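Shown next: data-v7.cif, containing mmCIF, N, CA and C atoms and all ligand atoms.
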```cif
data_entry
#
loop_
_atom_site.label_atom_id
_atom_site.label_comp_id
_atom_site.auth_asym_id
_atom_site.auth_seq_id
_atom_site.Cartn_x
_atom_site.Cartn_y
_atom_site.Cartn_z
N MET O 1 30.90 26.96 -47.86
CA MET O 1 29.52 27.39 -48.10
C MET O 1 28.75 27.40 -46.77
N GLU O 2 27.96 28.42 -46.57
CA GLU O 2 27.12 28.49 -45.36
C GLU O 2 26.05 27.41 -45.39
N ALA O 3 25.61 26.99 -44.21
CA ALA O 3 24.62 25.91 -44.09
C ALA O 3 23.36 26.22 -44.89
N ILE O 4 22.88 27.44 -44.78
CA ILE O 4 21.62 27.79 -45.45
C ILE O 4 21.78 27.73 -46.97
N GLU O 5 22.97 28.08 -47.46
CA GLU O 5 23.24 28.01 -48.90
C GLU O 5 23.27 26.55 -49.37
N ARG O 6 23.84 25.70 -48.53
CA ARG O 6 23.88 24.27 -48.86
C ARG O 6 22.47 23.71 -48.94
N VAL O 7 21.63 24.12 -48.02
CA VAL O 7 20.23 23.66 -48.01
C VAL O 7 19.53 24.13 -49.29
N CYS O 8 19.70 25.40 -49.63
CA CYS O 8 19.03 25.94 -50.82
C CYS O 8 19.55 25.26 -52.09
N GLN O 9 20.86 25.04 -52.15
CA GLN O 9 21.44 24.37 -53.32
C GLN O 9 20.88 22.95 -53.47
N PHE O 10 20.75 22.25 -52.35
CA PHE O 10 20.20 20.90 -52.40
C PHE O 10 18.77 20.93 -52.94
N LEU O 11 17.96 21.87 -52.45
CA LEU O 11 16.57 21.97 -52.92
C LEU O 11 16.52 22.29 -54.41
N ASN O 12 17.41 23.16 -54.86
CA ASN O 12 17.43 23.53 -56.27
C ASN O 12 17.88 22.34 -57.14
N GLU O 13 18.84 21.57 -56.65
CA GLU O 13 19.31 20.41 -57.42
C GLU O 13 18.26 19.31 -57.44
N ALA O 14 17.57 19.14 -56.32
CA ALA O 14 16.50 18.12 -56.26
C ALA O 14 15.33 18.53 -57.16
N LYS O 15 15.21 19.83 -57.39
CA LYS O 15 14.16 20.46 -58.22
C LYS O 15 12.78 20.43 -57.54
N THR O 16 12.37 19.28 -57.03
CA THR O 16 11.07 19.20 -56.36
C THR O 16 11.28 18.83 -54.90
N TYR O 17 10.56 19.53 -54.03
CA TYR O 17 10.51 19.12 -52.63
C TYR O 17 9.04 19.06 -52.24
N TYR O 18 8.77 18.49 -51.08
CA TYR O 18 7.39 18.33 -50.62
C TYR O 18 7.21 19.14 -49.35
N LEU O 19 6.23 20.01 -49.38
CA LEU O 19 5.97 20.94 -48.28
C LEU O 19 4.77 20.46 -47.48
N ALA O 20 5.01 20.19 -46.20
CA ALA O 20 3.95 19.76 -45.30
C ALA O 20 3.54 20.91 -44.40
N THR O 21 2.23 21.05 -44.27
CA THR O 21 1.65 22.04 -43.35
C THR O 21 0.65 21.29 -42.47
N VAL O 22 0.05 22.01 -41.54
CA VAL O 22 -1.01 21.38 -40.75
C VAL O 22 -2.29 22.19 -40.88
N GLU O 23 -3.39 21.46 -40.91
CA GLU O 23 -4.71 22.09 -40.95
C GLU O 23 -5.51 21.43 -39.83
N GLY O 24 -5.63 22.12 -38.70
CA GLY O 24 -6.21 21.46 -37.53
C GLY O 24 -5.30 20.30 -37.13
N ASP O 25 -5.85 19.10 -37.08
CA ASP O 25 -5.00 17.94 -36.75
C ASP O 25 -4.67 17.12 -37.99
N GLN O 26 -4.89 17.72 -39.17
CA GLN O 26 -4.66 16.98 -40.42
C GLN O 26 -3.39 17.47 -41.12
N PRO O 27 -2.38 16.63 -41.30
CA PRO O 27 -1.23 17.03 -42.12
C PRO O 27 -1.66 17.22 -43.58
N ARG O 28 -1.04 18.20 -44.25
CA ARG O 28 -1.26 18.43 -45.68
C ARG O 28 0.11 18.50 -46.34
N VAL O 29 0.24 17.94 -47.52
CA VAL O 29 1.54 17.94 -48.20
C VAL O 29 1.32 18.09 -49.69
N ARG O 30 2.26 18.78 -50.35
CA ARG O 30 2.17 18.99 -51.79
C ARG O 30 3.56 19.27 -52.35
N PRO O 31 3.74 19.06 -53.68
CA PRO O 31 5.04 19.35 -54.28
C PRO O 31 5.26 20.85 -54.45
N PHE O 32 6.48 21.28 -54.20
CA PHE O 32 6.91 22.66 -54.40
C PHE O 32 8.27 22.64 -55.09
N GLY O 33 8.65 23.79 -55.64
CA GLY O 33 9.95 23.86 -56.30
C GLY O 33 10.74 25.12 -56.00
N THR O 34 10.06 26.18 -55.55
CA THR O 34 10.75 27.46 -55.38
C THR O 34 11.58 27.47 -54.10
N ALA O 35 12.82 27.94 -54.24
CA ALA O 35 13.70 28.11 -53.06
C ALA O 35 14.83 29.04 -53.46
N ILE O 36 14.92 30.16 -52.77
CA ILE O 36 16.03 31.09 -53.01
C ILE O 36 16.55 31.61 -51.67
N ILE O 37 17.80 32.08 -51.70
CA ILE O 37 18.32 32.83 -50.56
C ILE O 37 18.16 34.31 -50.88
N TYR O 38 17.53 35.04 -49.99
CA TYR O 38 17.41 36.49 -50.14
C TYR O 38 17.66 37.11 -48.77
N ASN O 39 18.54 38.11 -48.72
CA ASN O 39 18.88 38.75 -47.44
C ASN O 39 19.25 37.73 -46.36
N GLY O 40 19.94 36.68 -46.78
CA GLY O 40 20.41 35.69 -45.82
C GLY O 40 19.36 34.73 -45.30
N LYS O 41 18.15 34.78 -45.92
CA LYS O 41 17.09 33.87 -45.48
C LYS O 41 16.65 32.97 -46.63
N LEU O 42 16.12 31.80 -46.29
CA LEU O 42 15.62 30.85 -47.28
C LEU O 42 14.13 31.12 -47.52
N TYR O 43 13.83 31.54 -48.76
CA TYR O 43 12.46 31.88 -49.13
C TYR O 43 11.86 30.85 -50.07
N ILE O 44 10.55 30.67 -49.94
CA ILE O 44 9.78 29.92 -50.92
C ILE O 44 8.66 30.84 -51.41
N GLN O 45 7.95 30.37 -52.43
CA GLN O 45 6.91 31.23 -53.03
C GLN O 45 5.61 30.44 -53.14
N THR O 46 4.51 31.14 -52.93
CA THR O 46 3.21 30.53 -53.24
C THR O 46 2.21 31.62 -53.62
N GLY O 47 0.96 31.24 -53.72
CA GLY O 47 -0.12 32.19 -54.02
C GLY O 47 -1.03 32.29 -52.82
N LYS O 48 -1.43 33.51 -52.48
CA LYS O 48 -2.27 33.70 -51.29
C LYS O 48 -3.62 33.01 -51.42
N VAL O 49 -4.05 32.77 -52.66
CA VAL O 49 -5.35 32.11 -52.84
C VAL O 49 -5.30 30.62 -52.48
N LYS O 50 -4.10 30.06 -52.38
CA LYS O 50 -3.99 28.61 -52.18
C LYS O 50 -4.27 28.21 -50.72
N ALA O 51 -4.76 27.00 -50.58
CA ALA O 51 -5.01 26.45 -49.24
C ALA O 51 -3.72 26.45 -48.41
N VAL O 52 -2.60 26.14 -49.04
CA VAL O 52 -1.32 26.09 -48.31
C VAL O 52 -1.02 27.44 -47.65
N SER O 53 -1.33 28.53 -48.33
CA SER O 53 -1.10 29.87 -47.79
C SER O 53 -1.98 30.10 -46.57
N LYS O 54 -3.22 29.67 -46.67
CA LYS O 54 -4.16 29.87 -45.55
C LYS O 54 -3.75 29.01 -44.36
N GLN O 55 -3.26 27.81 -44.64
CA GLN O 55 -2.79 26.95 -43.54
C GLN O 55 -1.61 27.58 -42.82
N LEU O 56 -0.68 28.14 -43.58
CA LEU O 56 0.52 28.75 -42.97
C LEU O 56 0.17 30.03 -42.21
N ALA O 57 -0.86 30.75 -42.68
CA ALA O 57 -1.29 31.95 -41.95
C ALA O 57 -1.86 31.56 -40.58
N ALA O 58 -2.56 30.44 -40.54
CA ALA O 58 -3.17 29.99 -39.28
C ALA O 58 -2.14 29.33 -38.37
N ASN O 59 -1.16 28.65 -38.98
CA ASN O 59 -0.14 27.93 -38.23
C ASN O 59 1.12 27.86 -39.08
N PRO O 60 2.14 28.66 -38.74
CA PRO O 60 3.33 28.72 -39.60
C PRO O 60 4.24 27.49 -39.55
N LYS O 61 3.94 26.54 -38.69
CA LYS O 61 4.81 25.36 -38.61
C LYS O 61 4.73 24.55 -39.90
N ALA O 62 5.91 24.21 -40.42
CA ALA O 62 5.97 23.53 -41.71
C ALA O 62 7.20 22.64 -41.73
N GLU O 63 7.18 21.68 -42.63
CA GLU O 63 8.37 20.86 -42.85
C GLU O 63 8.44 20.56 -44.33
N ILE O 64 9.64 20.58 -44.87
CA ILE O 64 9.80 20.19 -46.26
C ILE O 64 10.76 19.01 -46.34
N CYS O 65 10.58 18.23 -47.40
CA CYS O 65 11.44 17.07 -47.60
C CYS O 65 11.76 16.97 -49.08
N ALA O 66 13.03 16.69 -49.37
CA ALA O 66 13.47 16.46 -50.75
C ALA O 66 14.43 15.29 -50.75
N PHE O 67 14.50 14.59 -51.87
CA PHE O 67 15.41 13.44 -52.01
C PHE O 67 16.20 13.62 -53.30
N HIS O 68 17.51 13.46 -53.20
CA HIS O 68 18.37 13.68 -54.38
C HIS O 68 19.68 12.94 -54.18
N ASN O 69 20.10 12.18 -55.18
CA ASN O 69 21.40 11.50 -55.14
C ASN O 69 21.64 10.70 -53.86
N GLY O 70 20.62 9.97 -53.43
CA GLY O 70 20.80 9.09 -52.27
C GLY O 70 20.70 9.78 -50.93
N THR O 71 20.50 11.07 -50.94
CA THR O 71 20.40 11.83 -49.68
C THR O 71 19.02 12.47 -49.59
N TRP O 72 18.45 12.45 -48.41
CA TRP O 72 17.22 13.21 -48.22
C TRP O 72 17.45 14.31 -47.20
N LEU O 73 16.74 15.39 -47.45
CA LEU O 73 16.85 16.60 -46.62
C LEU O 73 15.47 16.89 -46.05
N ARG O 74 15.43 17.13 -44.76
CA ARG O 74 14.20 17.63 -44.15
C ARG O 74 14.51 18.96 -43.49
N VAL O 75 13.65 19.93 -43.71
CA VAL O 75 13.77 21.24 -43.06
C VAL O 75 12.48 21.49 -42.30
N ALA O 76 12.60 21.58 -40.99
CA ALA O 76 11.43 21.84 -40.14
C ALA O 76 11.58 23.22 -39.54
N GLY O 77 10.49 23.95 -39.48
CA GLY O 77 10.54 25.29 -38.88
C GLY O 77 9.23 26.00 -39.08
N GLU O 78 9.32 27.33 -39.16
CA GLU O 78 8.12 28.14 -39.39
C GLU O 78 8.31 28.90 -40.68
N LEU O 79 7.26 29.00 -41.46
CA LEU O 79 7.31 29.77 -42.71
C LEU O 79 6.56 31.08 -42.49
N ILE O 80 7.33 32.17 -42.58
CA ILE O 80 6.83 33.49 -42.21
C ILE O 80 6.61 34.34 -43.46
N ASN O 81 5.40 34.88 -43.59
CA ASN O 81 5.07 35.76 -44.71
C ASN O 81 5.97 36.99 -44.70
N ASP O 82 6.39 37.42 -45.91
CA ASP O 82 7.15 38.67 -46.04
C ASP O 82 6.54 39.48 -47.18
N ASP O 83 5.98 40.65 -46.86
CA ASP O 83 5.34 41.47 -47.89
C ASP O 83 6.33 42.38 -48.62
N ASP O 84 7.62 42.26 -48.31
CA ASP O 84 8.66 43.08 -48.96
C ASP O 84 8.63 42.87 -50.48
N ARG O 85 8.35 43.94 -51.21
CA ARG O 85 8.26 43.84 -52.67
C ARG O 85 9.57 43.35 -53.28
N ASP O 86 10.70 43.81 -52.73
CA ASP O 86 12.01 43.42 -53.28
C ASP O 86 12.23 41.91 -53.15
N ALA O 87 11.71 41.32 -52.10
CA ALA O 87 11.85 39.86 -51.93
C ALA O 87 11.04 39.14 -53.02
N LYS O 88 9.86 39.68 -53.33
CA LYS O 88 9.04 39.08 -54.40
C LYS O 88 9.73 39.22 -55.76
N VAL O 89 10.30 40.40 -55.99
CA VAL O 89 11.01 40.63 -57.26
C VAL O 89 12.18 39.65 -57.38
N ALA O 90 12.93 39.47 -56.29
CA ALA O 90 14.07 38.55 -56.32
C ALA O 90 13.60 37.13 -56.64
N MET O 91 12.48 36.74 -56.05
CA MET O 91 11.93 35.39 -56.30
C MET O 91 11.55 35.23 -57.77
N LEU O 92 10.89 36.24 -58.34
CA LEU O 92 10.44 36.15 -59.74
C LEU O 92 11.64 36.18 -60.69
N GLU O 93 12.68 36.93 -60.34
CA GLU O 93 13.87 36.99 -61.19
C GLU O 93 14.60 35.65 -61.22
N LYS O 94 14.62 34.97 -60.08
CA LYS O 94 15.30 33.67 -60.02
C LYS O 94 14.45 32.55 -60.61
N ASN O 95 13.16 32.79 -60.74
CA ASN O 95 12.23 31.77 -61.28
C ASN O 95 11.38 32.42 -62.37
N PRO O 96 12.00 32.74 -63.52
CA PRO O 96 11.30 33.55 -64.52
C PRO O 96 10.01 32.93 -65.03
N ASN O 97 9.91 31.59 -65.00
CA ASN O 97 8.65 31.01 -65.50
C ASN O 97 7.46 31.33 -64.58
N LEU O 98 7.73 31.76 -63.35
CA LEU O 98 6.64 32.19 -62.47
C LEU O 98 5.95 33.44 -63.00
N LYS O 99 6.69 34.20 -63.83
CA LYS O 99 6.15 35.48 -64.30
C LYS O 99 4.94 35.30 -65.20
N ARG O 100 4.75 34.07 -65.70
CA ARG O 100 3.55 33.82 -66.50
C ARG O 100 2.30 33.89 -65.62
N MET O 101 2.45 33.60 -64.33
CA MET O 101 1.29 33.53 -63.44
C MET O 101 1.28 34.60 -62.35
N TYR O 102 2.48 35.13 -62.05
CA TYR O 102 2.60 36.00 -60.88
C TYR O 102 3.35 37.28 -61.25
N SER O 103 3.06 38.35 -60.49
CA SER O 103 3.89 39.55 -60.57
C SER O 103 4.04 40.10 -59.15
N ALA O 104 5.06 40.94 -58.98
CA ALA O 104 5.37 41.45 -57.64
C ALA O 104 4.22 42.30 -57.09
N ASP O 105 3.40 42.83 -57.99
CA ASP O 105 2.35 43.77 -57.57
C ASP O 105 0.94 43.21 -57.66
N ASP O 106 0.83 41.92 -57.95
CA ASP O 106 -0.53 41.37 -57.87
C ASP O 106 -0.88 41.18 -56.39
N ASP O 107 -2.10 40.83 -56.11
CA ASP O 107 -2.48 40.65 -54.69
C ASP O 107 -2.34 39.20 -54.25
N ASN O 108 -1.71 38.41 -55.12
CA ASN O 108 -1.67 36.97 -54.87
C ASN O 108 -0.28 36.47 -54.50
N THR O 109 0.74 36.97 -55.19
CA THR O 109 2.11 36.48 -54.98
C THR O 109 2.52 36.61 -53.52
N GLN O 110 3.03 35.52 -52.99
CA GLN O 110 3.45 35.52 -51.59
C GLN O 110 4.82 34.86 -51.48
N VAL O 111 5.71 35.48 -50.73
CA VAL O 111 6.97 34.82 -50.39
C VAL O 111 7.02 34.66 -48.87
N LEU O 112 7.61 33.56 -48.46
CA LEU O 112 7.72 33.24 -47.03
C LEU O 112 9.13 32.73 -46.77
N TYR O 113 9.65 33.05 -45.59
CA TYR O 113 11.00 32.58 -45.27
C TYR O 113 10.96 31.69 -44.04
N PHE O 114 11.95 30.81 -43.96
CA PHE O 114 12.06 29.91 -42.82
C PHE O 114 12.62 30.64 -41.61
N ARG O 115 11.93 30.46 -40.47
CA ARG O 115 12.41 30.94 -39.18
C ARG O 115 12.55 29.72 -38.27
N ASN O 116 13.53 29.78 -37.39
CA ASN O 116 13.76 28.66 -36.44
C ASN O 116 13.85 27.33 -37.18
N ALA O 117 14.66 27.32 -38.24
CA ALA O 117 14.72 26.12 -39.08
C ALA O 117 15.79 25.15 -38.59
N THR O 118 15.43 23.88 -38.62
CA THR O 118 16.39 22.79 -38.38
C THR O 118 16.40 21.94 -39.63
N ALA O 119 17.55 21.83 -40.26
CA ALA O 119 17.68 21.07 -41.50
C ALA O 119 18.55 19.85 -41.24
N THR O 120 18.06 18.69 -41.67
CA THR O 120 18.81 17.45 -41.47
C THR O 120 19.02 16.76 -42.82
N PHE O 121 20.28 16.49 -43.13
CA PHE O 121 20.65 15.68 -44.30
C PHE O 121 20.82 14.25 -43.82
N SER O 122 20.15 13.30 -44.48
CA SER O 122 20.22 11.89 -44.07
C SER O 122 20.52 11.02 -45.28
N SER O 123 21.14 9.88 -45.03
CA SER O 123 21.31 8.86 -46.06
C SER O 123 21.45 7.52 -45.37
N PHE O 124 21.43 6.44 -46.15
CA PHE O 124 21.58 5.11 -45.57
C PHE O 124 23.04 4.81 -45.25
N THR O 125 23.93 5.67 -45.68
CA THR O 125 25.36 5.34 -45.58
C THR O 125 26.15 6.26 -44.66
N ALA O 126 25.52 7.29 -44.14
CA ALA O 126 26.27 8.21 -43.26
C ALA O 126 25.38 8.66 -42.12
N GLU O 127 26.00 9.14 -41.08
CA GLU O 127 25.26 9.67 -39.95
C GLU O 127 24.49 10.93 -40.39
N PRO O 128 23.29 11.15 -39.85
CA PRO O 128 22.57 12.38 -40.17
C PRO O 128 23.36 13.63 -39.77
N GLU O 129 23.19 14.65 -40.55
CA GLU O 129 23.90 15.91 -40.29
C GLU O 129 22.85 17.01 -40.15
N THR O 130 22.89 17.70 -39.02
CA THR O 130 21.86 18.71 -38.74
C THR O 130 22.47 20.10 -38.69
N VAL O 131 21.81 21.04 -39.34
CA VAL O 131 22.21 22.45 -39.28
C VAL O 131 20.98 23.27 -38.94
N THR O 132 21.20 24.43 -38.36
CA THR O 132 20.08 25.31 -38.03
C THR O 132 20.31 26.69 -38.64
N PHE O 133 19.22 27.36 -38.95
CA PHE O 133 19.34 28.73 -39.47
C PHE O 133 18.05 29.48 -39.23
C1 LIG O 201 7.05 20.12 -59.45
C2 LIG O 201 6.08 21.09 -58.84
C3 LIG O 201 6.54 22.24 -58.22
C4 LIG O 201 5.64 23.16 -57.66
N1 LIG O 201 6.12 24.27 -57.03
C5 LIG O 201 5.26 25.14 -56.45
C6 LIG O 201 5.75 26.26 -55.73
O1 LIG O 201 6.97 26.49 -55.58
N2 LIG O 201 4.85 27.10 -55.18
C7 LIG O 201 3.50 26.86 -55.28
O2 LIG O 201 2.71 27.64 -54.74
N3 LIG O 201 3.00 25.81 -55.95
C8 LIG O 201 3.85 24.94 -56.53
N4 LIG O 201 3.36 23.86 -57.19
C9 LIG O 201 1.91 23.66 -57.25
C10 LIG O 201 1.34 23.15 -55.93
O3 LIG O 201 1.84 21.86 -55.64
C11 LIG O 201 -0.19 23.11 -55.98
O4 LIG O 201 -0.72 24.39 -56.28
C12 LIG O 201 -0.81 22.59 -54.70
O5 LIG O 201 -2.14 22.22 -54.93
C13 LIG O 201 -0.76 23.64 -53.56
O6 LIG O 201 -1.17 23.05 -52.34
P1 LIG O 201 -2.65 23.31 -51.74
O7 LIG O 201 -3.62 22.77 -52.76
O8 LIG O 201 -2.67 22.55 -50.47
O9 LIG O 201 -2.78 24.79 -51.55
C14 LIG O 201 4.25 22.92 -57.75
C15 LIG O 201 3.79 21.78 -58.39
C16 LIG O 201 4.67 20.87 -58.93
C17 LIG O 201 4.13 19.64 -59.60
#
```
Produce structure tokens that represent the structure in this file.
Ligand SMILES: Cc1cc2nc3c(=O)[nH]c(=O)nc-3n(C[C@H](O)[C@H](O)[C@H](O)COP(=O)(O)O)c2cc1C
Amino acid sequence: MEAIERVCQFLNEAKTYYLATVEGDQPRVRPFGTAIIYNGKLYIQTGKVKAVSKQLAANPKAEICAFHNGTWLRVAGELINDDDRDAKVAMLEKNPNLKRMYSADDDNTQVLYFRNATATFSSFTAEPETVTF
């Protein structure tokens, strides 16, 4: 399995991860759940009306953290907006419950992909393992 697929699978199995952004000199963090591979990139989803979206527009640097089965994963990088309609459709198809709130053609749905990502798997029992994508 490719590194990026392993990262996405871990996020999906953990179900919830925590997405940190920066607002000026203030860290912001909140729970997220969306993660898919599309066109070889790791995408997440949000709404343009949310503060998190505005923070990422001003500063794309982000880090996510998830914990599952004794292992924690951190992915640090930049989250880049993608207005590609097909990417939004793919996100909604993989997360059908989003369709209650979002559609590919509303002005709110936003997908972003990781650029310059460094992902580290850590546990108390093994050396950290780092992959980049
Ligand atoms: C388990 C869980 C998963 C969530 N997943 C997402 C998600 O993938 N995308 C999203 O935009 N909001 C998601 N949310 C909602 C956000 O955490 C919430 O809208 C948050 O307030 C957004 O951050 P902000 O207020 O800084 O903009 C999720 C909430 C929970 C509890």
(request) From region 33-70 of chain O, collect each residue whose DSSP state is strand (DSSP E or B) and return the set as a list in words. (result) Ile36, Ile37, Tyr38, Lys41, Leu42, Tyr43, Ile44, Gln45, Thr46, Gly47, Lys61, Ala62, Glu63, Ile64, Cys65, Ala66, Phe67 and His68 of chain O
Using all atoms listed in the file, what table do you get, as a tab-separated table, when you list each residue of chain O with an atom no more than 6.5 Å from ligand LIG 201 (chain O), its nearest pair of atoms, and their distance in Å rounded to one decimal, rows by chain then rising number?
```
residue	atom	partner	partner_atom	distance
O:Lys15	C	O:LIG201	C1	6.0
O:Thr16	CA	O:LIG201	C1	5.2
O:Tyr17	N	O:LIG201	C3	6.4
O:Arg28	C	O:LIG201	O8	6.4
O:Val29	C	O:LIG201	O8	6.0
O:Arg30	C	O:LIG201	O3	4.5
O:Pro31	C	O:LIG201	O3	3.8
O:Phe32	CA	O:LIG201	N1	3.2
O:Gly33	N	O:LIG201	N1	2.9
O:Thr34	N	O:LIG201	O1	3.1
O:Ala35	N	O:LIG201	O1	6.2
O:Ile44	C	O:LIG201	O1	6.3
O:Gln45	C	O:LIG201	N2	4.0
O:Thr46	CA	O:LIG201	O2	3.3
O:Gly47	N	O:LIG201	O2	4.1
O:Val49	C	O:LIG201	O9	6.4
O:Lys50	C	O:LIG201	O9	3.8
O:Ala51	N	O:LIG201	O9	3.1
O:Val52	N	O:LIG201	O9	2.9
O:Ser53	N	O:LIG201	O9	5.1
```
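You can rank O:Thr71, O:Gln26, O:Asn81, O:Thr130 by their closest distance to Val111 (chain O) using only N, CA and C atoms, and at the top of that list sits O:Asn81.
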(message) At a cut-off of 8 Å, using only N, CA and C atoms, what residues contact region 98-109 of chain O? Leave out same-chain residues fewer than 3 positions from it and give the result as a PyMOL selection string.
(response) chain O and resi 45-50+83-95+112
Keeping only N, CA and C atoms, write those residues as a tab-separated table (two decimals), in the frame of the given file.
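Resulting contents of part26.tsv:
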```
chain	number	residue	atom	x	y	z
O	45	GLN	N	7.95	30.37	-52.43
O	45	GLN	CA	6.91	31.23	-53.03
O	45	GLN	C	5.61	30.44	-53.14
O	46	THR	N	4.51	31.14	-52.93
O	46	THR	CA	3.21	30.53	-53.24
O	46	THR	C	2.21	31.62	-53.62
O	47	GLY	N	0.96	31.24	-53.72
O	47	GLY	CA	-0.12	32.19	-54.02
O	47	GLY	C	-1.03	32.29	-52.82
O	48	LYS	N	-1.43	33.51	-52.48
O	48	LYS	CA	-2.27	33.70	-51.29
O	48	LYS	C	-3.62	33.01	-51.42
O	49	VAL	N	-4.05	32.77	-52.66
O	49	VAL	CA	-5.35	32.11	-52.84
O	49	VAL	C	-5.30	30.62	-52.48
O	50	LYS	N	-4.10	30.06	-52.38
O	50	LYS	CA	-3.99	28.61	-52.18
O	50	LYS	C	-4.27	28.21	-50.72
O	83	ASP	N	5.98	40.65	-46.86
O	83	ASP	CA	5.34	41.47	-47.89
O	83	ASP	C	6.33	42.38	-48.62
O	84	ASP	N	7.62	42.26	-48.31
O	84	ASP	CA	8.66	43.08	-48.96
O	84	ASP	C	8.63	42.87	-50.48
O	85	ARG	N	8.35	43.94	-51.21
O	85	ARG	CA	8.26	43.84	-52.67
O	85	ARG	C	9.57	43.35	-53.28
O	86	ASP	N	10.70	43.81	-52.73
O	86	ASP	CA	12.01	43.42	-53.28
O	86	ASP	C	12.23	41.91	-53.15
O	87	ALA	N	11.71	41.32	-52.10
O	87	ALA	CA	11.85	39.86	-51.93
O	87	ALA	C	11.04	39.14	-53.02
O	88	LYS	N	9.86	39.68	-53.33
O	88	LYS	CA	9.04	39.08	-54.40
O	88	LYS	C	9.73	39.22	-55.76
O	89	VAL	N	10.30	40.40	-55.99
O	89	VAL	CA	11.01	40.63	-57.26
O	89	VAL	C	12.18	39.65	-57.38
O	90	ALA	N	12.93	39.47	-56.29
O	90	ALA	CA	14.07	38.55	-56.32
O	90	ALA	C	13.60	37.13	-56.64
O	91	MET	N	12.48	36.74	-56.05
O	91	MET	CA	11.93	35.39	-56.30
O	91	MET	C	11.55	35.23	-57.77
O	92	LEU	N	10.89	36.24	-58.34
O	92	LEU	CA	10.44	36.15	-59.74
O	92	LEU	C	11.64	36.18	-60.69
O	93	GLU	N	12.68	36.93	-60.34
O	93	GLU	CA	13.87	36.99	-61.19
O	93	GLU	C	14.60	35.65	-61.22
O	94	LYS	N	14.62	34.97	-60.08
O	94	LYS	CA	15.30	33.67	-60.02
O	94	LYS	C	14.45	32.55	-60.61
O	95	ASN	N	13.16	32.79	-60.74
O	95	ASN	CA	12.23	31.77	-61.28
O	95	ASN	C	11.38	32.42	-62.37
O	112	LEU	N	7.61	33.56	-48.46
O	112	LEU	CA	7.72	33.24	-47.03
O	112	LEU	C	9.13	32.73	-46.77
```
(message) At a cut-off of 7 Å around the point (14.6, 24.3, -46.2) (file coordinates), what residues fall inside when counting only N, CA and C atoms? I'd like the answer as a list of chain:residue names.
(response)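 The residues near that point, listed by chain and number, are O:Val7, O:Cys8, O:Leu42, O:Ile64, O:Arg74, O:Val75, O:Ala76, O:Ala119.
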(request) Give as a count of residues only the set of residues within 10 Å of the point (19.6, 10.0, -44.3), where distances use the file's coordinates and only C-alpha atoms. (result) 16
(request) Mind the document's chain letters and residue numbers, and return as a PyMOL selection string the residues of chain O that DSSP labels helix (DSSP H, G or I). (result) chain O and resi 3-14+51-58+85-94+96-100
(request) Select, from O:Ile4, O:Cys65, O:Leu19, O:Leu56, the residue with the minimum atom-to-atom distance to Asn39 (chain O), counting only C-alpha atoms. (result)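 Ranking O:Ile4, O:Cys65, O:Leu19, O:Leu56 by distance to Asn39 (chain O), first place goes to O:Ile4.
Between His68 (chain O) and the residues O:Ala14, O:Ile80, O:Met1, O:Ile37, the shortest atom-to-atom distance, using all atoms listed in the file, involves O:Ala14.
CA of Val131 (chain O) to CA of Ala58 (chain O) spans 26.5 Å [interatomic distance, one decimal].
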(message) Would you compute the distance between CA of Tyr113 (chain O) and atom N of Asn69 (chain O)? Give it in Å to one decimal.
(response) 24.4 Å
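The coordinates place CA of Glu23 (chain O) at 25.2 Å from CA of Lys41 (chain O).
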(request) For each of O:Asp25, O:Lys54, O:Thr132, O:Ile36, take the minimum atom-to-atom distance to Asn12 (chain O), counting all atoms listed in the file, then give the residue where this is smallest. (result) O:Ile36
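Between Asn59 (chain O) and the candidates O:Asn97, O:Gly40, O:Ala3, O:Val22, the tightest atom-to-atom separation, counting all atoms listed in the file, involves O:Val22.
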(request) Choose the residue, out of O:Asp82, O:Tyr38, O:Ala66, O:Asn116, that has the smallest atom-to-atom separation from Glu13 (chain O); count only C-alpha atoms. (result)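 Between O:Asp82, O:Tyr38, O:Ala66, O:Asn116, the residue approaching Glu13 (chain O) most closely is O:Ala66.
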(request) Can you pull out every residue within 6 Å of Ala62 (chain O), counting only N, CA and C atoms, but drop anything in the same chain fewer than 3 positions away, and send it as a VMD selection string? (result) chain O and resid 20 to 21 75 to 79
Same residues, N, CA and C atoms, saved as a PDB file, keeping the file's coordinate frame:
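Okay, this is what ended up in again-v3.pdb:
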```
ATOM      1  N   ALA O  20       5.010  20.190 -46.200  1.00  0.00           N
ATOM      2  CA  ALA O  20       3.950  19.760 -45.300  1.00  0.00           C
ATOM      3  C   ALA O  20       3.540  20.910 -44.400  1.00  0.00           C
ATOM      4  N   THR O  21       2.230  21.050 -44.270  1.00  0.00           N
ATOM      5  CA  THR O  21       1.650  22.040 -43.350  1.00  0.00           C
ATOM      6  C   THR O  21       0.650  21.290 -42.470  1.00  0.00           C
ATOM      7  N   VAL O  75      13.650  19.930 -43.710  1.00  0.00           N
ATOM      8  CA  VAL O  75      13.770  21.240 -43.060  1.00  0.00           C
ATOM      9  C   VAL O  75      12.480  21.490 -42.300  1.00  0.00           C
ATOM     10  N   ALA O  76      12.600  21.580 -40.990  1.00  0.00           N
ATOM     11  CA  ALA O  76      11.430  21.840 -40.140  1.00  0.00           C
ATOM     12  C   ALA O  76      11.580  23.220 -39.540  1.00  0.00           C
ATOM     13  N   GLY O  77      10.490  23.950 -39.480  1.00  0.00           N
ATOM     14  CA  GLY O  77      10.540  25.290 -38.880  1.00  0.00           C
ATOM     15  C   GLY O  77       9.230  26.000 -39.080  1.00  0.00           C
ATOM     16  N   GLU O  78       9.320  27.330 -39.160  1.00  0.00           N
ATOM     17  CA  GLU O  78       8.120  28.140 -39.390  1.00  0.00           C
ATOM     18  C   GLU O  78       8.310  28.900 -40.680  1.00  0.00           C
ATOM     19  N   LEU O  79       7.260  29.000 -41.460  1.00  0.00           N
ATOM     20  CA  LEU O  79       7.310  29.770 -42.710  1.00  0.00           C
ATOM     21  C   LEU O  79       6.560  31.080 -42.490  1.00  0.00           C
TER      22      LEU O  79
END
```
From the block you just saw, export region 45-50 of chain O: C-alpha atoms, as an mmCIF file, in the first residue's frame.
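The resulting part.cif:
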```cif
data_model
loop_
_atom_site.group_PDB
_atom_site.id
_atom_site.type_symbol
_atom_site.label_atom_id
_atom_site.label_comp_id
_atom_site.auth_asym_id
_atom_site.auth_seq_id
_atom_site.Cartn_x
_atom_site.Cartn_y
_atom_site.Cartn_z
ATOM 1 C CA GLN O 45 -13.941 18.585 3.253
ATOM 2 C CA THR O 46 -15.359 21.638 4.953
ATOM 3 C CA GLY O 47 -17.733 24.546 4.395
ATOM 4 C CA LYS O 48 -16.504 27.897 3.124
ATOM 5 C CA VAL O 49 -18.653 29.669 5.711
ATOM 6 C CA LYS O 50 -16.667 28.105 8.566
#
```
